[in-house]
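Participant: The structure file run_16.pdb (PDB, C-alpha atoms and all ligand atoms) is provided below.
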ATOM      1  CA  MET B   1      99.000  65.142 139.354
ATOM      2  CA  GLN B   2      96.606  63.742 136.775
ATOM      3  CA  ILE B   3      97.627  62.666 133.284
ATOM      4  CA  ILE B   4      94.902  63.194 130.699
ATOM      5  CA  ASN B   5      95.200  61.937 127.138
ATOM      6  CA  HIS B   6      91.867  62.679 125.580
ATOM      7  CA  PRO B   7      90.570  66.173 124.670
ATOM      8  CA  ASP B   8      87.022  65.309 125.875
ATOM      9  CA  GLU B   9      88.283  64.241 129.298
ATOM     10  CA  MET B  10      90.431  67.376 129.483
ATOM     11  CA  SER B  11      87.400  69.565 128.731
ATOM     12  CA  ARG B  12      85.325  67.789 131.371
ATOM     13  CA  TRP B  13      88.076  68.384 133.962
ATOM     14  CA  SER B  14      88.218  72.065 133.007
ATOM     15  CA  ASP B  15      84.426  72.460 133.183
ATOM     16  CA  ALA B  16      84.385  70.956 136.687
ATOM     17  CA  THR B  17      87.326  73.113 137.797
ATOM     18  CA  ARG B  18      85.703  76.281 136.466
ATOM     19  CA  ALA B  19      82.403  75.286 138.124
ATOM     20  CA  ARG B  20      84.257  75.234 141.463
ATOM     21  CA  GLY B  21      85.317  78.827 140.760
ATOM     22  CA  GLU B  22      89.006  78.003 140.291
ATOM     23  CA  ARG B  23      91.224  79.849 137.819
ATOM     24  CA  ILE B  24      93.024  77.673 135.258
ATOM     25  CA  ALA B  25      96.493  78.495 133.889
ATOM     26  CA  LEU B  26      97.770  76.645 130.812
ATOM     27  CA  VAL B  27     101.414  76.238 129.802
ATOM     28  CA  PRO B  28     101.519  74.692 126.312
ATOM     29  CA  THR B  29     104.762  72.802 125.546
ATOM     30  CA  MET B  30     106.152  70.194 123.204
ATOM     31  CA  GLY B  31     107.906  68.470 126.111
ATOM     32  CA  PHE B  32     111.602  67.721 126.692
ATOM     33  CA  LEU B  33     111.367  70.341 129.401
ATOM     34  CA  HIS B  34     114.162  72.596 130.620
ATOM     35  CA  ASP B  35     114.469  75.448 133.120
ATOM     36  CA  GLY B  36     112.886  77.847 130.633
ATOM     37  CA  HIS B  37     109.704  75.774 130.722
ATOM     38  CA  MET B  38     109.935  75.534 134.501
ATOM     39  CA  ALA B  39     109.918  79.340 134.753
ATOM     40  CA  LEU B  40     106.630  79.295 132.779
ATOM     41  CA  MET B  41     105.240  76.627 135.117
ATOM     42  CA  ARG B  42     106.190  78.620 138.227
ATOM     43  CA  GLU B  43     104.499  81.696 136.755
ATOM     44  CA  GLY B  44     101.339  79.660 136.130
ATOM     45  CA  ARG B  45     101.486  78.129 139.611
ATOM     46  CA  ALA B  46     101.693  81.599 141.181
ATOM     47  CA  ARG B  47      98.819  83.007 139.136
ATOM     48  CA  ALA B  48      96.121  80.312 139.264
ATOM     49  CA  GLY B  49      94.668  77.657 141.546
ATOM     50  CA  ALA B  50      94.756  75.033 138.792
ATOM     51  CA  LEU B  51      97.756  74.551 136.498
ATOM     52  CA  VAL B  52      97.645  72.507 133.297
ATOM     53  CA  ALA B  53     100.801  71.712 131.294
ATOM     54  CA  SER B  54     100.234  70.345 127.821
ATOM     55  CA  ILE B  55     102.841  68.151 126.166
ATOM     56  CA  PHE B  56     102.125  67.690 122.485
ATOM     57  CA  VAL B  57     104.654  67.579 119.643
ATOM     58  CA  ASN B  58     102.409  69.304 117.145
ATOM     59  CA  PRO B  59     102.924  67.855 113.646
ATOM     60  CA  THR B  60     101.295  70.777 111.828
ATOM     61  CA  GLN B  61     104.016  73.242 112.826
ATOM     62  CA  PHE B  62     106.849  71.169 111.317
ATOM     63  CA  GLY B  63     107.644  71.602 107.634
ATOM     64  CA  PRO B  64     108.822  68.796 105.347
ATOM     65  CA  GLY B  65     112.460  68.038 106.157
ATOM     66  CA  GLU B  66     112.190  69.562 109.648
ATOM     67  CA  ASP B  67     112.848  67.612 112.846
ATOM     68  CA  LEU B  68     109.368  66.212 113.711
ATOM     69  CA  ALA B  69     110.525  62.568 113.780
ATOM     70  CA  ARG B  70     113.689  63.232 115.771
ATOM     71  CA  TYR B  71     112.250  65.951 118.055
ATOM     72  CA  PRO B  72     113.504  64.973 121.541
ATOM     73  CA  ARG B  73     110.919  63.259 123.757
ATOM     74  CA  ASP B  74     111.121  61.933 127.337
ATOM     75  CA  PHE B  75     107.720  61.814 128.987
ATOM     76  CA  GLU B  76     108.901  60.150 132.238
ATOM     77  CA  ARG B  77     111.516  62.836 132.821
ATOM     78  CA  ASP B  78     109.038  65.625 131.959
ATOM     79  CA  ALA B  79     106.414  64.183 134.325
ATOM     80  CA  GLY B  80     108.991  64.023 137.133
ATOM     81  CA  MET B  81     109.855  67.692 136.616
ATOM     82  CA  LEU B  82     106.200  68.758 136.474
ATOM     83  CA  LYS B  83     105.435  66.928 139.708
ATOM     84  CA  THR B  84     107.878  69.211 141.548
ATOM     85  CA  VAL B  85     106.014  72.407 140.514
ATOM     86  CA  PRO B  86     103.419  70.882 141.105
ATOM     87  CA  VAL B  87     101.073  70.957 138.108
ATOM     88  CA  ASN B  88      97.531  69.606 138.488
ATOM     89  CA  VAL B  89      97.209  68.063 135.053
ATOM     90  CA  ILE B  90      99.495  67.002 132.219
ATOM     91  CA  PHE B  91      97.445  67.023 129.037
ATOM     92  CA  THR B  92      99.221  64.830 126.510
ATOM     93  CA  PRO B  93      96.969  63.867 123.619
ATOM     94  CA  ASP B  94      97.799  61.748 120.567
ATOM     95  CA  ALA B  95      97.971  63.499 117.220
ATOM     96  CA  SER B  96      94.957  61.452 116.067
ATOM     97  CA  ALA B  97      92.863  62.786 118.970
ATOM     98  CA  MET B  98      93.887  66.371 118.206
ATOM     99  CA  TYR B  99      93.431  66.308 114.427
ATOM    100  CA  SER B 100      90.741  64.387 112.598
ATOM    101  CA  ALA B 101      91.913  62.947 109.274
ATOM    102  CA  ASP B 102      89.571  65.285 107.348
ATOM    103  CA  ALA B 103      90.423  68.483 109.282
ATOM    104  CA  GLU B 104      90.560  71.490 106.966
ATOM    105  CA  THR B 105      90.399  74.559 109.202
ATOM    106  CA  TRP B 106      93.413  76.699 110.030
ATOM    107  CA  VAL B 107      93.933  79.715 112.252
ATOM    108  CA  GLU B 108      96.520  82.160 110.939
ATOM    109  CA  ALA B 109      97.818  85.582 111.965
ATOM    110  CA  THR B 110      98.995  86.757 108.582
ATOM    111  CA  GLN B 111     101.072  89.918 109.098
ATOM    112  CA  VAL B 112     103.124  89.280 112.235
ATOM    113  CA  THR B 113     104.171  85.901 110.839
ATOM    114  CA  ARG B 114     105.314  87.227 107.472
ATOM    115  CA  GLY B 115     108.966  88.033 108.263
ATOM    116  CA  LEU B 116     111.644  86.639 110.588
ATOM    117  CA  CYS B 117     111.128  82.860 111.108
ATOM    118  CA  GLY B 118     107.888  82.987 109.097
ATOM    119  CA  ALA B 119     109.872  83.758 105.942
ATOM    120  CA  PHE B 120     112.027  80.648 106.424
ATOM    121  CA  ARG B 121     109.457  78.218 107.842
ATOM    122  CA  PRO B 122     106.361  78.427 105.629
ATOM    123  CA  GLY B 123     103.263  77.131 107.433
ATOM    124  CA  HIS B 124     105.013  76.952 110.816
ATOM    125  CA  PHE B 125     103.087  79.718 112.571
ATOM    126  CA  ARG B 126      99.812  78.639 111.014
ATOM    127  CA  GLY B 127     100.387  75.255 112.691
ATOM    128  CA  VAL B 128     101.245  76.960 115.988
ATOM    129  CA  THR B 129      98.210  79.264 116.098
ATOM    130  CA  THR B 130      95.921  76.435 115.012
ATOM    131  CA  VAL B 131      97.058  74.045 117.754
ATOM    132  CA  VAL B 132      97.119  76.800 120.386
ATOM    133  CA  ALA B 133      93.544  77.798 119.449
ATOM    134  CA  LYS B 134      92.537  74.140 119.810
ATOM    135  CA  LEU B 135      94.297  73.868 123.194
ATOM    136  CA  PHE B 136      92.517  77.020 124.373
ATOM    137  CA  ASN B 137      89.148  75.566 123.329
ATOM    138  CA  ILE B 138      89.860  72.216 124.998
ATOM    139  CA  VAL B 139      91.523  73.407 128.240
ATOM    140  CA  LYS B 140      89.482  76.625 128.587
ATOM    141  CA  PRO B 141      92.176  78.426 130.600
ATOM    142  CA  HIS B 142      91.785  81.864 132.187
ATOM    143  CA  LEU B 143      95.406  82.557 131.297
ATOM    144  CA  ALA B 144      98.125  80.975 129.189
ATOM    145  CA  ILE B 145     101.856  81.449 129.552
ATOM    146  CA  PHE B 146     104.470  81.652 126.794
ATOM    147  CA  GLY B 147     108.199  82.366 126.715
ATOM    148  CA  GLU B 148     109.715  85.411 125.050
ATOM    149  CA  LYS B 149     112.383  83.291 123.376
ATOM    150  CA  ASP B 150     109.791  82.464 120.692
ATOM    151  CA  PHE B 151     108.972  86.139 120.382
ATOM    152  CA  GLN B 152     107.262  85.934 116.998
ATOM    153  CA  GLN B 153     105.148  83.018 118.250
ATOM    154  CA  LEU B 154     104.151  85.137 121.265
ATOM    155  CA  ARG B 155     103.101  88.037 119.025
ATOM    156  CA  ALA B 156     101.149  85.713 116.690
ATOM    157  CA  ILE B 157      99.260  84.230 119.645
ATOM    158  CA  GLN B 158      98.548  87.670 121.142
ATOM    159  CA  ARG B 159      97.231  88.770 117.717
ATOM    160  CA  MET B 160      95.033  85.673 117.439
ATOM    161  CA  VAL B 161      93.613  86.118 120.951
ATOM    162  CA  SER B 162      92.770  89.739 120.253
ATOM    163  CA  ASP B 163      91.416  89.232 116.704
ATOM    164  CA  LEU B 164      89.280  86.198 117.595
ATOM    165  CA  ASN B 165      88.043  87.467 120.996
ATOM    166  CA  PHE B 166      89.456  84.582 123.005
ATOM    167  CA  ASP B 167      88.451  85.235 126.614
ATOM    168  CA  LEU B 168      91.818  84.724 128.297
ATOM    169  CA  GLU B 169      94.976  86.556 129.288
ATOM    170  CA  ILE B 170      98.341  85.894 127.639
ATOM    171  CA  VAL B 171     101.270  86.180 130.040
ATOM    172  CA  SER B 172     104.843  86.286 128.743
ATOM    173  CA  VAL B 173     107.988  85.286 130.620
ATOM    174  CA  PRO B 174     111.542  86.498 129.807
ATOM    175  CA  ILE B 175     114.107  84.199 128.176
ATOM    176  CA  VAL B 176     115.913  81.888 130.589
ATOM    177  CA  ARG B 177     119.616  81.471 129.803
ATOM    178  CA  GLU B 178     122.335  79.021 130.775
ATOM    179  CA  ARG B 179     125.057  80.564 132.973
ATOM    180  CA  ASP B 180     127.174  81.262 129.885
ATOM    181  CA  GLY B 181     124.336  83.060 128.069
ATOM    182  CA  LEU B 182     122.968  80.335 125.765
ATOM    183  CA  ALA B 183     119.169  80.679 125.561
ATOM    184  CA  MET B 184     117.525  77.498 126.869
ATOM    185  CA  SER B 185     115.862  75.376 124.190
ATOM    186  CA  SER B 186     114.855  71.737 123.811
ATOM    187  CA  ARG B 187     116.867  71.773 120.568
ATOM    188  CA  ASN B 188     120.116  72.484 122.484
ATOM    189  CA  ALA B 189     120.071  68.716 123.127
ATOM    190  CA  TYR B 190     121.096  68.219 119.471
ATOM    191  CA  LEU B 191     124.365  70.178 119.901
ATOM    192  CA  SER B 192     127.717  68.395 120.231
ATOM    193  CA  PRO B 193     130.097  69.948 122.824
ATOM    194  CA  GLU B 194     131.916  71.897 120.068
ATOM    195  CA  GLU B 195     128.657  73.074 118.520
ATOM    196  CA  ARG B 196     127.385  74.188 121.903
ATOM    197  CA  GLU B 197     130.525  76.345 122.267
ATOM    198  CA  ARG B 198     129.872  77.879 118.833
ATOM    199  CA  ALA B 199     126.209  78.443 119.669
ATOM    200  CA  LEU B 200     127.284  81.014 122.274
ATOM    201  CA  ALA B 201     127.891  83.366 119.326
ATOM    202  CA  LEU B 202     124.147  84.137 119.232
ATOM    203  CA  SER B 203     123.908  85.507 122.767
ATOM    204  CA  LEU B 204     127.302  87.226 122.396
ATOM    205  CA  ALA B 205     126.060  88.961 119.232
ATOM    206  CA  LEU B 206     122.944  90.179 121.037
ATOM    207  CA  ARG B 207     125.014  91.348 123.983
ATOM    208  CA  ALA B 208     127.341  93.328 121.687
ATOM    209  CA  ALA B 209     124.335  95.015 120.052
ATOM    210  CA  ARG B 210     122.797  95.723 123.445
ATOM    211  CA  ASP B 211     126.105  97.316 124.643
ATOM    212  CA  ARG B 212     126.205  99.458 121.510
ATOM    213  CA  TYR B 213     122.595 100.540 122.092
ATOM    214  CA  ARG B 214     123.290 101.363 125.750
ATOM    215  CA  CYS B 215     125.997 103.876 124.683
ATOM    216  CA  ALA B 216     123.329 105.676 122.621
ATOM    217  CA  PRO B 217     120.139 104.455 120.918
ATOM    218  CA  CYS B 218     121.025 103.717 117.292
ATOM    219  CA  SER B 219     119.296 102.528 114.130
ATOM    220  CA  GLY B 220     118.161  98.977 113.482
ATOM    221  CA  GLU B 221     120.711  98.715 110.650
ATOM    222  CA  GLU B 222     123.541  99.512 113.018
ATOM    223  CA  LEU B 223     122.351  96.921 115.541
ATOM    224  CA  VAL B 224     122.134  94.315 112.796
ATOM    225  CA  ALA B 225     125.663  95.212 111.631
ATOM    226  CA  VAL B 226     127.120  94.860 115.159
ATOM    227  CA  ALA B 227     125.405  91.482 115.753
ATOM    228  CA  THR B 228     126.309  90.155 112.291
ATOM    229  CA  ARG B 229     129.981  91.052 112.816
ATOM    230  CA  VAL B 230     130.105  88.953 116.018
ATOM    231  CA  LEU B 231     128.315  85.996 114.402
ATOM    232  CA  ASN B 232     130.662  86.072 111.426
ATOM    233  CA  GLN B 233     133.651  85.815 113.760
ATOM    234  CA  THR B 234     132.582  82.283 114.745
ATOM    235  CA  PRO B 235     133.252  79.629 112.108
ATOM    236  CA  GLY B 236     130.494  77.044 111.780
ATOM    237  CA  VAL B 237     127.667  79.482 112.548
ATOM    238  CA  GLU B 238     125.530  79.918 109.457
ATOM    239  CA  ILE B 239     123.279  82.975 109.719
ATOM    240  CA  GLU B 240     119.682  82.569 108.540
ATOM    241  CA  TYR B 241     118.704  86.097 109.501
ATOM    242  CA  VAL B 242     119.658  88.955 111.794
ATOM    243  CA  GLU B 243     116.857  91.499 111.881
ATOM    244  CA  ALA B 244     115.802  94.561 113.835
ATOM    245  CA  VAL B 245     112.040  95.112 113.834
ATOM    246  CA  ASP B 246     109.437  97.076 115.748
ATOM    247  CA  ALA B 247     108.940  95.011 118.926
ATOM    248  CA  ARG B 248     105.178  95.516 118.886
ATOM    249  CA  THR B 249     104.238  94.967 115.241
ATOM    250  CA  LEU B 250     107.341  93.074 113.992
ATOM    251  CA  ALA B 251     107.296  95.407 110.963
ATOM    252  CA  PRO B 252     110.673  96.875 109.927
ATOM    253  CA  ALA B 253     111.939  99.148 112.727
ATOM    254  CA  SER B 254     111.311 102.694 111.578
ATOM    255  CA  SER B 255     112.118 104.729 114.676
ATOM    256  CA  ILE B 256     114.883 104.533 117.243
ATOM    257  CA  HIS B 257     112.408 105.973 119.746
ATOM    258  CA  SER B 258     110.238 102.856 120.069
ATOM    259  CA  PRO B 259     111.291  99.414 121.349
ATOM    260  CA  ILE B 260     113.229  97.324 118.823
ATOM    261  CA  LEU B 261     113.309  93.535 118.682
ATOM    262  CA  LEU B 262     116.723  92.321 117.528
ATOM    263  CA  ALA B 263     116.238  88.705 116.463
ATOM    264  CA  ILE B 264     118.671  86.071 115.194
ATOM    265  CA  ALA B 265     118.195  82.667 113.594
ATOM    266  CA  ALA B 266     121.298  80.654 112.751
ATOM    267  CA  ARG B 267     122.315  77.092 112.086
ATOM    268  CA  VAL B 268     125.047  75.489 114.135
ATOM    269  CA  GLY B 269     125.763  72.197 112.431
ATOM    270  CA  LYS B 270     122.336  70.810 111.594
ATOM    271  CA  THR B 271     120.611  72.592 114.498
ATOM    272  CA  ARG B 272     118.584  75.729 113.928
ATOM    273  CA  LEU B 273     118.756  78.109 116.884
ATOM    274  CA  ILE B 274     116.937  81.375 117.586
ATOM    275  CA  ASP B 275     117.539  84.127 120.122
ATOM    276  CA  ASN B 276     116.460  87.733 120.599
ATOM    277  CA  THR B 277     116.570  90.803 122.758
ATOM    278  CA  VAL B 278     114.255  93.790 123.066
ATOM    279  CA  LEU B 279     115.959  97.192 123.199
ATOM    280  CA  SER B 280     113.956 100.063 124.621
ATOM    281  CA  PRO B 281     115.056 103.685 124.530
TER     282      PRO B 281
HETATM  283  O1  LIG B 301     106.551  76.786 121.869
HETATM  284  C1  LIG B 301     106.172  75.604 121.735
HETATM  285  O2  LIG B 301     106.662  74.685 122.402
HETATM  286  C2  LIG B 301     105.103  75.272 120.710
HETATM  287  O3  LIG B 301     105.234  76.056 119.578
HETATM  288  C3  LIG B 301     103.671  75.363 121.275
HETATM  289  C4  LIG B 301     103.336  76.777 121.722
HETATM  290  C5  LIG B 301     103.539  74.418 122.468
HETATM  291  C6  LIG B 301     102.657  74.951 120.215
HETATM  292  O4  LIG B 301     102.862  73.664 119.768
END
Spell out the structure here as structure tokens.
Facilitator:
Amino acid sequence: MQIINHPDEMSRWSDATRARGERIALVPTMGFLHDGHMALMREGRARAGALVASIFVNPTQFGPGEDLARYPRDFERDAGMLKTVPVNVIFTPDASAMYSADAETWVEATQVTRGLCGAFRPGHFRGVTTVVAKLFNIVKPHLAIFGEKDFQQLRAIQRMVSDLNFDLEIVSVPIVRERDGLAMSSRNAYLSPEERERALALSLALRAARDRYRCAPCSGEELVAVATRVLNQTPGVEIEYVEAVDARTLAPASSIHSPILLAIAARVGKTRLIDNTVLSP
């Protein structure tokens, strides 16, 4: 397993790998890996001869007052986990190598990032699509793998790839959950034992809505009402949003006959958590 820090060296490695006719899969991460990331790695390993994992805590996707400085980091632990996959390369650049001081170009998918998390984290998705576009240009993968937990991020990246004619395939992998239902996230590390217990309200709310939908497809409003009721039963869970949207466009869900994304963002203590489920008739 090679560790590459500089974008130029990464590009040279990718050029040589492509010249040998090998397919490259990229799994972009911000590190502090968990089993959710490992599912993405395994998918990449199965689909391509060469697997690159990037670890880069991207400053441009954090707003002022967000957790950039305290975002959990443990490179040694991450590298140990990636070795078991195994990945061929860990690409872990410095922020100064990724962004020149006079950079002024952004990549933004404007519509799919308008609502949900985009409404609460201005500039976040612009930072995500910009860094992912840069990673695609540097690593030159044939495919890139993203988790469905960050569903709006996945849609923004799919939009960008289609709108800007990136020549690669985007593969998505379902949410990986702890045994008790909590969606895996690097930010779960912030939760105290009591907060972690309270955080289960998110997956329980989604499960209640899913059970309601299984009885008979119902409107987005009804799904939101069921999920909100469960969240409100848990003290210490502060809802940011509970929304039901069209799973393809992320516009307000207008028909019960097409797949609905039910998405939640809530704060448990100081930690912001997200979770979602897609309900198909
Ligand atoms: O999902 C993440 O970890 C990040 O948003 C990503 C895609 C690696 C971009 O920084």
Participant: Carefully work through the PyMOL selection byres (((chain B and resi 268) around 10) and not hetatm) for this structure and note down the residues it includes, as a list of chain:residue names.
Facilitator: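 When the PyMOL selection byres (((chain B and resi 268) around 10) and not hetatm) is applied to the shown file, the picked residues are B:Tyr190, B:Leu191, B:Ser192, B:Glu194, B:Glu195, B:Arg196, B:Glu197, B:Arg198, B:Ala199, B:Ala201, B:Pro235, B:Gly236, B:Val237, B:Glu238, B:Ile239, B:Ala265, B:Ala266, B:Arg267, B:Gly269, B:Lys270, B:Thr271, B:Arg272, B:Leu273.
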Participant: Please extract the residues at most 9 Å from ligand LIG 301 (chain B), counting all atoms listed in the file, and provide them as an NGL selection string, using the chain letters and residue numbers of this document.
Facilitator: :B and (27-31 or 37 or 54-61 or 124-125 or 127-132 or 135 or 146-147 or 149-150 or 153-154 or 157 or 186)
Participant: Please, what distance in Å, to one decimal, runs between CA of Trp13 (chain B) and CA of Arg47 (chain B)?
Facilitator: 18.9 Å
Participant: Taking the file as I've supplied it (selection: the PyMOL selection byres (((chain B and resi 78) around 10) and not hetatm)), which residues are included? Please answer as a PyMOL selection string.
Facilitator: chain B and resi 31-34+55+73-77+79-83+90
Participant: Please, could you write that set of residues out with C-alpha atoms as a PDB file, keeping the file's coordinate frame?
Facilitator:
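Generated file (again.pdb):
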ATOM      1  CA  GLY B  31     107.906  68.470 126.111  1.00  0.00           C
ATOM      2  CA  PHE B  32     111.602  67.721 126.692  1.00  0.00           C
ATOM      3  CA  LEU B  33     111.367  70.341 129.401  1.00  0.00           C
ATOM      4  CA  HIS B  34     114.162  72.596 130.620  1.00  0.00           C
ATOM      5  CA  ILE B  55     102.841  68.151 126.166  1.00  0.00           C
ATOM      6  CA  ARG B  73     110.919  63.259 123.757  1.00  0.00           C
ATOM      7  CA  ASP B  74     111.121  61.933 127.337  1.00  0.00           C
ATOM      8  CA  PHE B  75     107.720  61.814 128.987  1.00  0.00           C
ATOM      9  CA  GLU B  76     108.901  60.150 132.238  1.00  0.00           C
ATOM     10  CA  ARG B  77     111.516  62.836 132.821  1.00  0.00           C
ATOM     11  CA  ALA B  79     106.414  64.183 134.325  1.00  0.00           C
ATOM     12  CA  GLY B  80     108.991  64.023 137.133  1.00  0.00           C
ATOM     13  CA  MET B  81     109.855  67.692 136.616  1.00  0.00           C
ATOM     14  CA  LEU B  82     106.200  68.758 136.474  1.00  0.00           C
ATOM     15  CA  LYS B  83     105.435  66.928 139.708  1.00  0.00           C
ATOM     16  CA  ILE B  90      99.495  67.002 132.219  1.00  0.00           C
TER      17      ILE B  90
END
Participant: For CA of Gln158 (chain B) and CA of Asp275 (chain B), determine how far apart the two atoms are, in Å to one decimal place.
Facilitator: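 Calculated distance between CA of Gln158 (chain B) and CA of Asp275 (chain B) is 19.3 Å.
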Participant: (112.8, 107.7, 121.4) in this file's frame - what residues fall within 12 Å of it? Use all atoms listed in the file and give the answer as a list in words.
Facilitator: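 Output of the proximity query reads Ala216, Pro217, Cys218, Ser219, Ser254, Ser255, Ile256, His257, Ser258, Pro259, Ile260, Leu279, Ser280 and Pro281 of chain B.
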Participant: Given the file above and the PyMOL selection byres (((chain B and resi 122) around 12) and not hetatm), which residues are selected, and can you give them as JSON, numbers by chain?
Facilitator: {"B": [60, 61, 62, 63, 64, 66, 108, 110, 113, 114, 115, 116, 117, 118, 119, 120, 121, 123, 124, 125, 126, 127, 128]}
Participant: Hey, can you check how far CA of Met10 (chain B) sits from CA of Leu164 (chain B)?
Facilitator: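 Taking CA of Met10 (chain B) as the start and CA of Leu164 (chain B) as the end point, the length is 22.3 Å.
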Participant: Give the answer as one residue: which of B:Ile138, B:Ile4, B:Ala227, B:Ile145 has the shortest atom-to-atom distance to Met38 (chain B), using all atoms listed in the file?
Facilitator: B:Ile145
Participant: From the list B:Pro86, B:Gly220, B:Gly65, B:Pro72, which residue is nearest Asn188 (chain B) when using all atoms listed in the file?
Facilitator: B:Pro72
Participant: Choose the residue, out of B:Phe91, B:Gln2, B:Ala50, B:Val161, that has the smallest atom-to-atom separation from Gly21 (chain B); count only C-alpha atoms.
Facilitator: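 Answer, going by the shortest atom-to-atom distance: B:Ala50.
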Participant: As lines of an AutoDock Vina configuration file, please: the centre and edge lengths in Å, to one decimal, of an axis-aligned box enclosing every listed atom of region 35-42 of chain B with 6 Å added on each side.
Facilitator:
center_x = 109.9
center_y = 77.4
center_z = 134.4
size_x = 21.2
size_y = 15.9
size_z = 19.6
Participant: Extract, using only C-alpha atoms, all DNA, RNA and protein residues at most 10 Å from Val230 (chain B), discarding same-chain residues fewer than 4 positions from it, and format them as a ChimeraX atom specification.
Facilitator: /B:201-209,225-226,234
Participant: Could you complete region 110-122 of chain B so that it carries N, CA, C and O atoms, and give it back as an mmCIF file, in the frame of the given file?
Facilitator:
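Ended up saving to rebuild-v8.cif:
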data_model
loop_
_atom_site.group_PDB
_atom_site.id
_atom_site.type_symbol
_atom_site.label_atom_id
_atom_site.label_comp_id
_atom_site.auth_asym_id
_atom_site.auth_seq_id
_atom_site.Cartn_x
_atom_site.Cartn_y
_atom_site.Cartn_z
ATOM 1 N N THR B 110 98.272 86.684 109.853
ATOM 2 C CA THR B 110 98.995 86.757 108.582
ATOM 3 C C THR B 110 100.177 87.733 108.570
ATOM 4 O O THR B 110 101.218 87.428 107.982
ATOM 5 N N GLN B 111 100.027 88.899 109.234
ATOM 6 C CA GLN B 111 101.072 89.918 109.098
ATOM 7 C C GLN B 111 102.271 89.679 110.011
ATOM 8 O O GLN B 111 103.408 89.719 109.555
ATOM 9 N N VAL B 112 101.984 89.437 111.303
ATOM 10 C CA VAL B 112 103.124 89.280 112.235
ATOM 11 C C VAL B 112 103.952 88.038 111.935
ATOM 12 O O VAL B 112 105.062 87.892 112.453
ATOM 13 N N THR B 113 103.416 87.132 111.127
ATOM 14 C CA THR B 113 104.171 85.901 110.839
ATOM 15 C C THR B 113 104.855 85.946 109.468
ATOM 16 O O THR B 113 105.421 84.954 109.032
ATOM 17 N N ARG B 114 104.783 87.127 108.833
ATOM 18 C CA ARG B 114 105.314 87.227 107.472
ATOM 19 C C ARG B 114 106.838 87.148 107.423
ATOM 20 O O ARG B 114 107.407 86.427 106.623
ATOM 21 N N GLY B 115 107.498 87.941 108.311
ATOM 22 C CA GLY B 115 108.966 88.033 108.263
ATOM 23 C C GLY B 115 109.626 87.082 109.243
ATOM 24 O O GLY B 115 109.039 86.080 109.662
ATOM 25 N N LEU B 116 110.857 87.412 109.604
ATOM 26 C CA LEU B 116 111.644 86.639 110.588
ATOM 27 C C LEU B 116 111.519 85.136 110.311
ATOM 28 O O LEU B 116 111.690 84.704 109.171
ATOM 29 N N CYS B 117 111.197 84.327 111.318
ATOM 30 C CA CYS B 117 111.128 82.860 111.108
ATOM 31 C C CYS B 117 110.059 82.488 110.088
ATOM 32 O O CYS B 117 110.192 81.485 109.380
ATOM 33 N N GLY B 118 108.981 83.298 110.022
ATOM 34 C CA GLY B 118 107.888 82.987 109.097
ATOM 35 C C GLY B 118 108.359 82.932 107.654
ATOM 36 O O GLY B 118 107.827 82.158 106.849
ATOM 37 N N ALA B 119 109.377 83.730 107.325
ATOM 38 C CA ALA B 119 109.872 83.758 105.942
ATOM 39 C C ALA B 119 110.659 82.489 105.615
ATOM 40 O O ALA B 119 110.803 82.121 104.448
ATOM 41 N N PHE B 120 111.186 81.834 106.649
ATOM 42 C CA PHE B 120 112.027 80.648 106.424
ATOM 43 C C PHE B 120 111.301 79.338 106.727
ATOM 44 O O PHE B 120 111.775 78.275 106.356
ATOM 45 N N ARG B 121 110.178 79.440 107.462
ATOM 46 C CA ARG B 121 109.457 78.218 107.842
ATOM 47 C C ARG B 121 107.994 78.358 107.407
ATOM 48 O O ARG B 121 107.100 78.563 108.249
ATOM 49 N N PRO B 122 107.734 78.233 106.093
ATOM 50 C CA PRO B 122 106.361 78.427 105.629
ATOM 51 C C PRO B 122 105.398 77.459 106.322
ATOM 52 O O PRO B 122 105.707 76.287 106.463
#
